[in-house]
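S.K.: Supplied in structure tokens, the structure appears directly below.
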Amino acid sequence: MFEDNYRQRGLRNKLVRLLRQKGITDERVLTAIGKVPRHVFFENAFLEHAYQDKAFPIGEGQTISQPYTVAFQTEKLMVQPGQSVLEVGTGSGYQACILLELGARVYTIEYNRVLFEKARKLLPKMGYRPHFHLGDGSKGLPAFAPYHRILVTAGAPVIPEALTAQLADEGLLIIPVGDREKQVMVRITKKGNKLIREDFDYFSFVPLLGEQGWKK
Ligand code: SAM
């Protein structure tokens with residue numbers, strides 16, 4: 001079992017208040033962030049960083065996303081209970097836990113074997129059970145498509161066609177798109193054979209690799 005003490009719960013509540021101040025309004029998203037113990041994803045020596053609003057290294061040159069970014073992407077995804085959600089870029093597994101707290105059926109795919117193994121071992125111990133997959137998520141995960149929602153947690157050079165193809169009708173895709181340093185958060189809504197694009201703020205993600213991502 002993991003320790004989740006009074007102090008950690010207090011820090012999490014403080015983080016939720018900060019996210020609210022920064023403009024996150026979806027109460028379900030804020031409740032999920034208030035519930036998932038982010039400190040469990042941190043080594044003991046770095047515990048004090050767990051509830052700061054910043055990204056943090058998780059090894060393999062990758063990061064656990066900043067809480068504000070997680071909240072922003074999740075809010076824009078408007079997940080309803082029972083919906084099937086594909087997450088591209090499992091990383092630590094934290095975002096997958098947030099999606100599970102919203103009642104989604106979560107498929108998460110990671111390119112890096114070390115991170116995949118680590119998340120696959122850790123999450124069930126915390127009581128979270130997404131479907132874990134190892135592979136190139138820039139091609140989506142066709143075996144379980146279509147998805148009501150797709151969330152990409154790495155910066156893409158373009159919107160991979162495989163992802164829009166695997167989106168259900170009326171489905172939403174959230175993806176950061178841009179160069180390697182800076183990306184605009186894009187939401188695609190699929191309506192029949194139409195794709196409607198909305199652009200939001202700029203963010204900075206690690207690159208989406210793979211066939212429809214960056215080449216290393
Ligand atoms: N969602 C994660 C979390 O909650 O910790 C943060 C993800 S981190 C910012 C981006 C992740 O995308 C990295 O773990 C990276 O290995 C992964 N990634 C990069 N390209 C990928 C691809 N083509 N398919 C799947 N995962 C990919």
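Identifiers in the structure tokens: chain A, B, ... in order shown; residue index from 1 per chain; ligand index from 1 in order shown.
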Give me the residues within 10 Å of Arg20 (chain A) as a list in words, counting only C-alpha atoms and dropping any in the same chain fewer than 6 places off.
M.R.: Lys14, Asp26, Glu27, Leu30, Tyr68 and Ala71 of chain A
S.K.: Would you name the residues within 8 Å of ligand 1, counting only C-alpha atoms and all ligand atoms, and put them as a PyMOL selection string?
M.R.: chain A and resi 58+60+62-65+70+87-96+109-112+115+134-140+152-154+205-213
S.K.: Provide the CA of Val40 (chain A) to CA of Phe2 (chain A) distance in Å, to one decimal place.
M.R.: 7.2 Å
S.K.: Rank A:Arg12, A:Thr31, A:Gly59, A:Phe144 by their smallest atom-to-atom distance to Val114 (chain A), using only C-alpha atoms, and report the top residue only.
M.R.: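 Answer, going by the shortest atom-to-atom distance: A:Gly59.
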S.K.: Which residues are close to Lys182 (chain A), i.e. within 9 Å by only C-alpha atoms, leaving aside same-chain residues fewer than 5 positions away? Reply as a VMD selection string.
M.R.: chain A and resid 155 176 to 177 202 to 205
S.K.: Generate a file of the selected residues that holds C-alpha atoms, formatted as an mmCIF file, in the first residue's frame.
M.R.:
```
data_model
loop_
_atom_site.group_PDB
_atom_site.id
_atom_site.type_symbol
_atom_site.label_atom_id
_atom_site.label_comp_id
_atom_site.auth_asym_id
_atom_site.auth_seq_id
_atom_site.Cartn_x
_atom_site.Cartn_y
_atom_site.Cartn_z
ATOM 1 C CA GLY A 155 4.130 17.053 -29.081
ATOM 2 C CA PRO A 176 -0.304 19.393 -29.006
ATOM 3 C CA VAL A 177 0.958 20.232 -32.520
ATOM 4 C CA TYR A 202 0.764 27.069 -26.372
ATOM 5 C CA PHE A 203 2.481 24.319 -24.364
ATOM 6 C CA SER A 204 5.826 22.564 -24.410
ATOM 7 C CA PHE A 205 5.824 18.764 -24.589
#
```
S.K.: Of the residues A:Trp214, A:Tyr6, A:Phe56, A:Phe41, which is the one nearest to Met126 (chain A), using only C-alpha atoms?
M.R.: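 Counting only C-alpha atoms, the residue closest to Met126 (chain A) is A:Phe41.
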S.K.: Taking into account only C-alpha atoms, which residue in the set A:Tyr51, A:Phe116, A:Tyr107, A:Tyr128 is nearest to Ile150 (chain A)?
M.R.: A:Tyr107
S.K.: Can you work out the spacing between CA of Arg129 (chain A) and CA of Leu102 (chain A) in Å, to one decimal?
M.R.: 13.0 Å
S.K.: Enumerate as an MDAnalysis selection string all residues of region 3-210 of chain A assigned to strand (DSSP E or B) by DSSP on the backbone, naming them with the chain letters and numbers the document uses.
M.R.: chainID A and resid 56:59 62:64 84:88 105:110 131:134 147:152 155:156 167:178 183:191 194:203 207 209
S.K.: Ranking A:Ala50, A:Leu151, A:Cys97, A:Ile196 by minimum distance to Gln73 (chain A) and counting only C-alpha atoms, which one comes first?
M.R.: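 Comparing A:Ala50, A:Leu151, A:Cys97, A:Ile196 against Gln73 (chain A), the winner is A:Leu151.
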S.K.: How many Å lie between CA of Thr108 (chain A) and CA of Val85 (chain A), rounded to one decimal?
M.R.: 8.2 Å
